[in-house]
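These notes concern the structure reproduced below.
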Amino acid sequence: MAKNNAKQDLKPISNPKISNSVEDYLKAIWMTAQDGAASTNALAEQLNIAAPSVSAMLSKLQNLEFVVYERYKGASLTESGKAKALELLRRHRLIETFLFESFDYSWDEVHDEAEQLEHAVSSQFIERLATFLDHPTHDPHGDPIPCPNGNLPDTPNTALAEAESGQSFVVARLLSQAADVLSYFAKLGIQPGKELKIIEFEPLGGLVHLLIDDVPRALSKELAMIVRGDIVKTPTV
């Protein structure tokens, strides 16, 4: 049933091929602000590009009708820009999943490879890849994979830092693509699906003390903001 739905949702792309840099900008705007406005400085930091170059590209994207750009306010995606961004995000996350599941890549290695491959493959290849993978809803980091129609699967998004002492927390996703951060989480055993027991929060922005597989661990508040998921509800007696 899922495979048939995926085929029905798939729509042919009528827009001509756009450059890799344009695709990267559209994806960066979505990753930075989603349906809001992404500032020039935020995009410059995300893409590691000088702010004046970002401003010039945003003007080009507005001429292509992919964004609405106001100087000093930032850029927001139009419907066509959002569709393109989510299409590229779907490619990226399906490729990450394939590399992780089939080519024995670690989850801290898949991002950089997918960044290269996402521009090189066709939409037909991506939909066949989705079928091969049995239409996964989330990538190895727990990030939602957009459906062919652009819808995003529901994903718990409460930050571990927002939980309370004594609660349990089930990890859904990790909001980082940095290899060193993901490698550190893997070392601690923090990954999607893992249940964490919160022992206590140190006051004044200190460490979060956890039990992971009955082993005491500690995270900074900054890292605890990256870990997203669900607080486990304690059943009432």
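Numbering starts fresh at 1 for the residues of each chain in the structure tokens, the chains themselves are lettered A, B, ... in the order given, and ligands are numbered from 1 as they appear.
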
Practice prompt. Would you mind writing down, as a PyMOL selection string, each residue of range 35-203 of chain A that DSSP on the backbone assigns to helix (DSSP H, G or I)?
Written response: chain A and resi 40-47+51-63+79-102+110-117+123-132+160-162+179-188

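By chain and then residue number, the residues within 10 Å of Thr97 in chain A are A:His92, A:Ser102, A:Phe103, A:Tyr105, A:Trp107, A:Val110, A:His111, A:Ala114, A:Leu129, A:Ala130, A:Leu133, A:Pro136, A:His138, A:Asp139, A:Pro140, A:His141, A:Ile145, counting only C-alpha atoms and disregarding those fewer than 5 positions away in sequence.
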
Worksheet item: Residues at most 12 Å from Glu87 in chain A, counting only C-alpha atoms, excluding those fewer than 5 positions away in the same chain, as a list in words?
Response: Leu10, Lys11, Pro12, Ile13, Glu23, Asp24, Leu26, Lys27, Trp30, Ser80, Gly81, Lys82, His92, Arg93, Leu94, Glu118, His119, Ser122, Ser123, Ile126, Glu127, Ile145, Pro146, Cys147, Pro148, Asn149, Gly150, Asn151 and Leu152 of chain A

Write out the residues from the selection above, keeping C-alpha atoms, as a PDB file, in the first residue's frame.
ATOM      1  CA  LEU A  10       5.033  11.615  -7.203  1.00  0.00           C
ATOM      2  CA  LYS A  11       4.593  14.477  -9.628  1.00  0.00           C
ATOM      3  CA  PRO A  12       6.787  15.131 -12.662  1.00  0.00           C
ATOM      4  CA  ILE A  13       9.081  18.120 -12.316  1.00  0.00           C
ATOM      5  CA  GLU A  23      19.548  24.234  -4.930  1.00  0.00           C
ATOM      6  CA  ASP A  24      21.951  24.577  -1.999  1.00  0.00           C
ATOM      7  CA  LEU A  26      17.003  26.910  -1.278  1.00  0.00           C
ATOM      8  CA  LYS A  27      17.774  23.992   1.014  1.00  0.00           C
ATOM      9  CA  TRP A  30      14.507  25.850   4.508  1.00  0.00           C
ATOM     10  CA  SER A  80       8.011  26.769  -5.921  1.00  0.00           C
ATOM     11  CA  GLY A  81      11.117  27.479  -3.842  1.00  0.00           C
ATOM     12  CA  LYS A  82       9.801  25.393  -0.959  1.00  0.00           C
ATOM     13  CA  HIS A  92      19.753  14.067   0.586  1.00  0.00           C
ATOM     14  CA  ARG A  93      18.111  12.080   3.362  1.00  0.00           C
ATOM     15  CA  LEU A  94      17.286   9.051   1.205  1.00  0.00           C
ATOM     16  CA  GLU A 118      22.139  14.724  -4.164  1.00  0.00           C
ATOM     17  CA  HIS A 119      22.881  16.909  -7.208  1.00  0.00           C
ATOM     18  CA  SER A 122      17.692  11.905 -11.204  1.00  0.00           C
ATOM     19  CA  SER A 123      14.244  12.022  -9.632  1.00  0.00           C
ATOM     20  CA  ILE A 126      15.513   8.699  -6.066  1.00  0.00           C
ATOM     21  CA  GLU A 127      12.019   7.197  -6.257  1.00  0.00           C
ATOM     22  CA  ILE A 145      12.351  12.463   4.967  1.00  0.00           C
ATOM     23  CA  PRO A 146       9.911  14.595   2.943  1.00  0.00           C
ATOM     24  CA  CYS A 147       7.295  12.599   1.037  1.00  0.00           C
ATOM     25  CA  PRO A 148       7.166  13.015  -2.759  1.00  0.00           C
ATOM     26  CA  ASN A 149       4.298  15.487  -2.294  1.00  0.00           C
ATOM     27  CA  GLY A 150       6.387  17.572   0.122  1.00  0.00           C
ATOM     28  CA  ASN A 151       4.660  16.519   3.341  1.00  0.00           C
ATOM     29  CA  LEU A 152       6.925  15.861   6.319  1.00  0.00           C
TER      30      LEU A 152
END

Item to complete: Identify, on the basis of only C-alpha atoms, every residue whose closest approach to Lys221 in chain A does not exceed 8 Å; exclude the query and any residue fewer than 2 positions from it along the same chain; express the result as a PyMOL selection string.
Response: chain A and resi 161+205-208+219+223-225

Give me, as a Markdown table, the closest atom pair and its distance (Å, one decimal) for every residue of range 144-171 of chain A within a cut-off of 12 Å of range 229-234 of chain A, counting only C-alpha atoms, rows sorted by chain and rising number.
| residue | atom | partner | partner_atom | distance |
| --- | --- | --- | --- | --- |
| A:Asp154 | CA | A:Gly229 | CA | 11.2 |
| A:Thr155 | CA | A:Gly229 | CA | 7.7 |
| A:Pro156 | CA | A:Gly229 | CA | 4.8 |
| A:Asn157 | CA | A:Gly229 | CA | 5.1 |
| A:Thr158 | CA | A:Gly229 | CA | 5.2 |
| A:Ala159 | CA | A:Gly229 | CA | 6.5 |
| A:Leu160 | CA | A:Gly229 | CA | 7.2 |
| A:Ala161 | CA | A:Gly229 | CA | 10.7 |
| A:Glu162 | CA | A:Ile231 | CA | 9.3 |
| A:Ala163 | CA | A:Ile231 | CA | 6.8 |
| A:Glu164 | CA | A:Ile231 | CA | 9.1 |
| A:Ser165 | CA | A:Ile231 | CA | 11.2 |
| A:Gly166 | CA | A:Thr234 | CA | 10.4 |
| A:Gln167 | CA | A:Ile231 | CA | 7.0 |
| A:Ser168 | CA | A:Val232 | CA | 5.3 |
| A:Phe169 | CA | A:Ile231 | CA | 4.5 |
| A:Val170 | CA | A:Asp230 | CA | 5.3 |
| A:Val171 | CA | A:Gly229 | CA | 4.5 |

Practice prompt. Find, counting only C-alpha atoms, the residue in A:Leu58, A:Phe66, A:Gly142, A:Ser220 that gets nearest to Phe201 in chain A.
Written response: A:Ser220

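Neighbours of Leu43 in chain A closer than or equal to 7 Å, with only C-alpha atoms counted and sequence neighbours fewer than 4 positions away skipped, come out as A:Ala28, A:Ile29, A:Ala38, A:Ser39, A:Leu47.
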
Would you put the residues from that selection into a file with N, CA, C and O atoms, as an mmCIF file, in the first residue's frame?
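Result saved to again_38.cif:
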data_model
loop_
_atom_site.group_PDB
_atom_site.id
_atom_site.type_symbol
_atom_site.label_atom_id
_atom_site.label_comp_id
_atom_site.auth_asym_id
_atom_site.auth_seq_id
_atom_site.Cartn_x
_atom_site.Cartn_y
_atom_site.Cartn_z
ATOM 1 N N ALA A 28 19.230 25.565 2.181
ATOM 2 C CA ALA A 28 19.737 26.275 3.360
ATOM 3 C C ALA A 28 18.678 27.197 3.945
ATOM 4 O O ALA A 28 18.559 27.331 5.176
ATOM 5 N N ILE A 29 17.908 27.856 3.101
ATOM 6 C CA ILE A 29 16.826 28.712 3.599
ATOM 7 C C ILE A 29 15.808 27.883 4.359
ATOM 8 O O ILE A 29 15.358 28.259 5.446
ATOM 9 N N ALA A 38 14.762 33.731 6.437
ATOM 10 C CA ALA A 38 16.152 33.466 6.825
ATOM 11 C C ALA A 38 16.978 34.723 6.588
ATOM 12 O O ALA A 38 16.948 35.291 5.491
ATOM 13 N N SER A 39 17.702 35.154 7.597
ATOM 14 C CA SER A 39 18.518 36.358 7.451
ATOM 15 C C SER A 39 19.754 36.078 6.606
ATOM 16 O O SER A 39 20.203 34.933 6.484
ATOM 17 N N LEU A 47 26.106 28.452 5.029
ATOM 18 C CA LEU A 47 26.750 28.062 3.775
ATOM 19 C C LEU A 47 28.249 28.364 3.757
ATOM 20 O O LEU A 47 28.929 28.026 2.793
#

Practice prompt. Taking the chain letters and numbering used in this document, name the residues of chain A that DSSP puts in strand (DSSP E or B), as a PyMOL selection string.
Written response: chain A and resi 38+67-70+74-77+138+144+158-159+168-174+195-201+208-212+215-219+227-232

Item to complete: Point out the residue among A:Ala186, A:Ile198, A:Leu61, A:Leu211 with the least atom-to-atom distance to Ser106 in chain A, counting only C-alpha atoms.
Response: A:Ala186

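Pairwise distance (CA of Leu88 in chain A, CA of Arg128 in chain A) equals 15.5 Å.
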
Item to complete: Pick out the residues sitting within 10 Å of Glu70 in chain A, and hand them over as JSON, numbers by chain; count only C-alpha atoms, and ignore anything fewer than 2 positions along from it in its own chain.
Response: {"A": [37, 39, 55, 58, 59, 62, 67, 68, 72, 73, 74, 75, 76]}

Practice prompt. Identify, on the basis of only C-alpha atoms, every residue whose closest approach to Lys187 in chain A does not exceed 12 Å; exclude the query and any residue fewer than 5 positions from it along the same chain; express the result as a list of chain:residue names.
Written response: A:Trp107, A:Asp108, A:Asp180, A:Val181, A:Leu182, A:Ile212, A:Arg217

Go ahead and write the residues just picked, N, CA, C and O atoms, as a PDB file, in the first residue's frame.
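Contents of out-v2.pdb, freshly written:
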ATOM      1  N   TRP A 107      27.043   6.995  10.702  1.00  0.00           N
ATOM      2  CA  TRP A 107      26.108   8.118  10.573  1.00  0.00           C
ATOM      3  C   TRP A 107      26.799   9.473  10.602  1.00  0.00           C
ATOM      4  O   TRP A 107      26.219  10.479  10.211  1.00  0.00           O
ATOM      5  N   ASP A 108      28.067   9.536  11.043  1.00  0.00           N
ATOM      6  CA  ASP A 108      28.798  10.796  10.986  1.00  0.00           C
ATOM      7  C   ASP A 108      29.525  10.972   9.647  1.00  0.00           C
ATOM      8  O   ASP A 108      30.155  12.008   9.421  1.00  0.00           O
ATOM      9  N   ASP A 180      31.994  15.532  14.253  1.00  0.00           N
ATOM     10  CA  ASP A 180      32.530  15.350  15.602  1.00  0.00           C
ATOM     11  C   ASP A 180      31.409  15.256  16.642  1.00  0.00           C
ATOM     12  O   ASP A 180      31.503  14.479  17.601  1.00  0.00           O
ATOM     13  N   VAL A 181      30.344  16.011  16.440  1.00  0.00           N
ATOM     14  CA  VAL A 181      29.207  15.960  17.367  1.00  0.00           C
ATOM     15  C   VAL A 181      28.505  14.606  17.275  1.00  0.00           C
ATOM     16  O   VAL A 181      28.213  13.964  18.295  1.00  0.00           O
ATOM     17  N   LEU A 182      28.245  14.146  16.051  1.00  0.00           N
ATOM     18  CA  LEU A 182      27.565  12.858  15.881  1.00  0.00           C
ATOM     19  C   LEU A 182      28.427  11.709  16.387  1.00  0.00           C
ATOM     20  O   LEU A 182      27.910  10.759  16.980  1.00  0.00           O
ATOM     21  N   ILE A 212      22.333   6.074  30.620  1.00  0.00           N
ATOM     22  CA  ILE A 212      22.143   5.508  29.287  1.00  0.00           C
ATOM     23  C   ILE A 212      22.567   4.049  29.352  1.00  0.00           C
ATOM     24  O   ILE A 212      23.748   3.752  29.578  1.00  0.00           O
ATOM     25  N   ARG A 217      26.173   9.153  32.441  1.00  0.00           N
ATOM     26  CA  ARG A 217      26.760  10.019  31.418  1.00  0.00           C
ATOM     27  C   ARG A 217      26.397  11.460  31.744  1.00  0.00           C
ATOM     28  O   ARG A 217      25.505  11.723  32.541  1.00  0.00           O
TER      29      ARG A 217
END
